[in-house]
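See structure below.
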Amino acid sequence: KNEVEQSPQNLTAQEGEFITINCSYSVGISALHWLQQHPGGGIVSLFMLSSGKKKHGRLIATINIQEKHSSLHITASHPRDSAVYICADGLTFGKGTHLIIQP
Amino acid sequence: KAGVTQTPRYLIKTRGQQVTLSCSPISGHRSVSWYQQTPGQGLQFLFEYFSETQRNKGNFPGRFSGRQFSNSRSEMNVSTLELGDSALYLCASSLGVRPSGELFFGEGSRLTVL
C-alpha cells in the first residue's frame, strides 16, 4: 500500500508570494494527481502527471519518479488560491495542505 | 458537456438503516471511482469500476458495496449504517482505467447518520 505524505500541513502566506507544496510517496506509481478543494466545495483536478513538469496558468507541477517526490508551485499567489491541495495516486491520498493567502 | 452528477446531495439516516448513492459520470467516461471523505481520515478510496467490473476495492467492511451499470452509471450502498459512516461520499469519473485518465469529481453526497 502506498504511503502519501504532504508538507506542509498548513501554510499561510501573503498575496503575491511563491508557494510550494510537497508530496512524497513510498511505492512507485504510474501517475500522480494534484487536486484542489475549496471550503464547502467540490474537488477539482489540477494536474495528472507521470513525469517531468506541467504548467497551467500560475500553477506548476513537477514530479521526480526516481525520488518518489512531486511538488506543486503557485506563482503570484492570490486570495482565491486559498484552498486545500491534495496529492494522490488515485487510490491513496495525502492528508492535504491547507493554504491561506492573505491580501 | 455535463459534469459528474451525484444524487442525493444531502441525506440523513439513522443507525441500522441502509443507503444507496448514485453517480452519473461524464458522457463517454467508463471508469467510476468512489471515495469517502471525513475530517479525521481525509479522502479514502472505496471502489473503482470500469465497464461494469470492479477493478479495485479499498479497505472498507463488506457493508459497503457498489456496482456499475451498462450505461456507466454507478451506485454504492451502505447497509446497517453506523455513526462513523457520516461523511461526504464523492465519486469521480475518467475516460480510462487508473492510472490513465484525469479524475473528474462530483459535488458529493453528504450523509449524516443519527
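Residues are named by chain letter and number: chains run A, B, ... in the order of the C-alpha cells, numbers start at 1 in each chain, and ligands are numbered from 1 in the order shown.
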Show me which bits of chain B are within 8 Å of chain A, counting only C-alpha atoms, as number ranges by chain. B: 41-45, 58, 98-108
Extract, using only C-alpha atoms, all DNA, RNA and protein residues at most 12 Å from Ala61 (chain A), discarding same-chain residues fewer than 2 positions from it, and format them as a ChimeraX atom specification. /A:19-23,32-35,46-59,63-64,69-75,87
Tell me, which residues of region 21-102 of chain B carry DSSP strand (DSSP E or B), written as an NGL selection string? :B and (21-24 or 31-38 or 42-50 or 53-57 or 64-68 or 74-78 or 87-94)
Shell of 9 Å around Phe69 (chain B), only C-alpha atoms, local chain residues under 6 positions omitted, as a PDB file with N, CA and C atoms, in the first residue's frame:
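Written output follows (out_14.pdb):
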```pdb
ATOM      1  N   SER B  51     -16.261  -0.511 -16.991  1.00  0.00           N
ATOM      2  CA  SER B  51     -17.079  -1.411 -17.824  1.00  0.00           C
ATOM      3  C   SER B  51     -17.769  -2.475 -16.992  1.00  0.00           C
ATOM      4  N   GLU B  52     -18.433  -2.025 -15.935  1.00  0.00           N
ATOM      5  CA  GLU B  52     -19.282  -2.856 -15.072  1.00  0.00           C
ATOM      6  C   GLU B  52     -18.501  -3.823 -14.186  1.00  0.00           C
ATOM      7  N   GLU B  75     -23.712   3.005  -8.607  1.00  0.00           N
ATOM      8  CA  GLU B  75     -24.342   3.175  -7.301  1.00  0.00           C
ATOM      9  C   GLU B  75     -23.453   2.549  -6.239  1.00  0.00           C
TER      10      GLU B  75
END
```
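Relative to CA of Gln102 (chain A), CA of Gln14 (chain A) is found at 4.9 Å.
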Find the residues near region 1-15 of chain B: any atom within 12 Å, counting only C-alpha atoms, skip ones fewer than 3 places away on the same chain, and give them as a VMD selection string. (chain A and resid 42 to 44) or (chain B and resid 18 to 29 31 to 34 72 to 76 78 to 94 103 to 114)
Could those residues be written to a file, using N, CA and C atoms, as a compact mmCIF listing (two decimals), in the first residue's frame?
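Contents of the output file again29.txt:
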```txt
# COMPACT_ATOMS: atom_id res chain seq x y z
N GLY A 42 -16.51 21.36 -4.08
CA GLY A 42 -16.11 20.08 -4.64
C GLY A 42 -14.63 20.03 -4.91
N ILE A 43 -14.19 18.91 -5.43
CA ILE A 43 -12.77 18.69 -5.72
C ILE A 43 -12.56 18.88 -7.22
N VAL A 44 -11.50 19.62 -7.53
CA VAL A 44 -11.14 19.88 -8.92
C VAL A 44 -9.75 19.28 -9.17
N GLN B 18 -30.12 1.51 5.73
CA GLN B 18 -29.21 1.37 4.61
C GLN B 18 -29.42 2.55 3.66
N VAL B 19 -28.41 2.83 2.84
CA VAL B 19 -28.48 3.98 1.95
C VAL B 19 -27.88 3.60 0.59
N THR B 20 -28.45 4.17 -0.45
CA THR B 20 -27.93 3.99 -1.80
C THR B 20 -27.63 5.35 -2.40
N LEU B 21 -26.43 5.51 -2.91
CA LEU B 21 -26.00 6.76 -3.52
C LEU B 21 -25.75 6.50 -5.00
N SER B 22 -26.04 7.51 -5.81
CA SER B 22 -25.93 7.35 -7.26
C SER B 22 -24.90 8.31 -7.85
N CYS B 23 -24.25 7.87 -8.90
CA CYS B 23 -23.24 8.69 -9.58
C CYS B 23 -23.39 8.50 -11.09
N SER B 24 -23.62 9.60 -11.80
CA SER B 24 -23.67 9.56 -13.26
C SER B 24 -22.41 10.23 -13.79
N PRO B 25 -21.58 9.47 -14.50
CA PRO B 25 -20.30 10.03 -14.95
C PRO B 25 -20.48 10.95 -16.16
N ILE B 26 -19.42 11.63 -16.52
CA ILE B 26 -19.40 12.42 -17.73
C ILE B 26 -19.63 11.50 -18.91
N SER B 27 -20.41 11.96 -19.88
CA SER B 27 -20.72 11.15 -21.04
C SER B 27 -19.44 10.66 -21.72
N GLY B 28 -19.37 9.36 -21.95
CA GLY B 28 -18.18 8.80 -22.59
C GLY B 28 -17.17 8.23 -21.62
N HIS B 29 -17.28 8.62 -20.36
CA HIS B 29 -16.36 8.08 -19.34
C HIS B 29 -16.86 6.71 -18.89
N SER B 31 -15.01 4.83 -16.51
CA SER B 31 -14.45 4.49 -15.20
C SER B 31 -15.08 5.37 -14.13
N VAL B 32 -15.53 4.74 -13.05
CA VAL B 32 -16.09 5.47 -11.91
C VAL B 32 -15.43 4.98 -10.63
N SER B 33 -14.98 5.93 -9.83
CA SER B 33 -14.39 5.59 -8.53
C SER B 33 -15.17 6.27 -7.43
N TRP B 34 -15.20 5.66 -6.28
CA TRP B 34 -15.91 6.20 -5.12
C TRP B 34 -14.93 6.44 -3.98
N SER B 72 -22.66 3.05 -17.62
CA SER B 72 -21.55 3.56 -16.80
C SER B 72 -22.01 4.24 -15.51
N ARG B 73 -23.30 4.46 -15.33
CA ARG B 73 -23.76 4.99 -14.04
C ARG B 73 -23.42 4.00 -12.94
N SER B 74 -23.14 4.54 -11.78
CA SER B 74 -22.73 3.67 -10.68
C SER B 74 -23.54 3.99 -9.42
N GLU B 75 -23.71 3.01 -8.61
CA GLU B 75 -24.34 3.17 -7.30
C GLU B 75 -23.45 2.55 -6.24
N MET B 76 -23.51 3.14 -5.05
CA MET B 76 -22.89 2.49 -3.91
C MET B 76 -23.93 2.37 -2.80
N VAL B 78 -24.57 1.35 1.37
CA VAL B 78 -24.03 1.08 2.71
C VAL B 78 -25.17 0.50 3.54
N SER B 79 -24.99 -0.67 4.04
CA SER B 79 -26.02 -1.31 4.84
C SER B 79 -25.68 -1.17 6.33
N THR B 80 -26.68 -1.36 7.15
CA THR B 80 -26.52 -1.32 8.60
C THR B 80 -25.65 -0.13 9.01
N LEU B 81 -26.14 1.05 8.72
CA LEU B 81 -25.38 2.27 8.94
C LEU B 81 -24.93 2.43 10.39
N GLU B 82 -23.70 2.94 10.52
CA GLU B 82 -23.13 3.26 11.83
C GLU B 82 -22.85 4.75 11.88
N LEU B 83 -22.73 5.29 13.11
CA LEU B 83 -22.49 6.72 13.25
C LEU B 83 -21.23 7.14 12.48
N GLY B 84 -20.23 6.27 12.49
CA GLY B 84 -18.97 6.58 11.82
C GLY B 84 -19.04 6.62 10.31
N ASP B 85 -20.18 6.25 9.75
CA ASP B 85 -20.35 6.31 8.29
C ASP B 85 -20.72 7.72 7.84
N SER B 86 -20.97 8.61 8.79
CA SER B 86 -21.27 10.00 8.43
C SER B 86 -20.06 10.59 7.71
N ALA B 87 -20.27 11.06 6.51
CA ALA B 87 -19.14 11.51 5.69
C ALA B 87 -19.67 12.13 4.41
N LEU B 88 -18.74 12.71 3.66
CA LEU B 88 -19.01 13.14 2.30
C LEU B 88 -18.55 12.01 1.37
N TYR B 89 -19.45 11.52 0.55
CA TYR B 89 -19.11 10.45 -0.38
C TYR B 89 -18.99 11.06 -1.78
N LEU B 90 -17.84 10.90 -2.35
CA LEU B 90 -17.52 11.50 -3.64
C LEU B 90 -17.32 10.42 -4.69
N CYS B 91 -17.77 10.71 -5.88
CA CYS B 91 -17.41 9.84 -6.98
C CYS B 91 -16.65 10.65 -8.01
N ALA B 92 -15.85 9.97 -8.78
CA ALA B 92 -15.07 10.60 -9.84
C ALA B 92 -15.13 9.72 -11.06
N SER B 93 -15.19 10.34 -12.23
CA SER B 93 -15.16 9.56 -13.44
C SER B 93 -13.92 9.91 -14.25
N SER B 94 -13.51 8.98 -15.09
CA SER B 94 -12.39 9.23 -16.00
C SER B 94 -12.60 8.41 -17.25
N LEU B 103 -9.07 12.67 -13.27
CA LEU B 103 -10.28 12.41 -12.49
C LEU B 103 -11.17 13.64 -12.48
N PHE B 104 -12.46 13.43 -12.72
CA PHE B 104 -13.45 14.49 -12.66
C PHE B 104 -14.42 14.13 -11.53
N PHE B 105 -14.49 14.99 -10.52
CA PHE B 105 -15.25 14.71 -9.32
C PHE B 105 -16.65 15.31 -9.37
N GLY B 106 -17.59 14.61 -8.76
CA GLY B 106 -18.90 15.17 -8.50
C GLY B 106 -18.87 16.03 -7.24
N GLU B 107 -20.01 16.67 -6.93
CA GLU B 107 -20.09 17.54 -5.77
C GLU B 107 -20.19 16.75 -4.46
N GLY B 108 -20.53 15.49 -4.57
CA GLY B 108 -20.59 14.64 -3.38
C GLY B 108 -21.99 14.49 -2.81
N SER B 109 -22.15 13.43 -2.04
CA SER B 109 -23.37 13.19 -1.27
C SER B 109 -22.98 13.22 0.20
N ARG B 110 -23.56 14.16 0.93
CA ARG B 110 -23.22 14.29 2.35
C ARG B 110 -24.21 13.48 3.17
N LEU B 111 -23.71 12.44 3.81
CA LEU B 111 -24.53 11.53 4.61
C LEU B 111 -24.32 11.82 6.09
N THR B 112 -25.42 12.00 6.79
CA THR B 112 -25.39 12.14 8.24
C THR B 112 -26.15 10.98 8.83
N VAL B 113 -25.51 10.25 9.74
CA VAL B 113 -26.14 9.12 10.41
C VAL B 113 -26.38 9.50 11.87
N LEU B 114 -27.64 9.44 12.28
CA LEU B 114 -28.02 9.83 13.65
C LEU B 114 -28.29 8.60 14.51
```
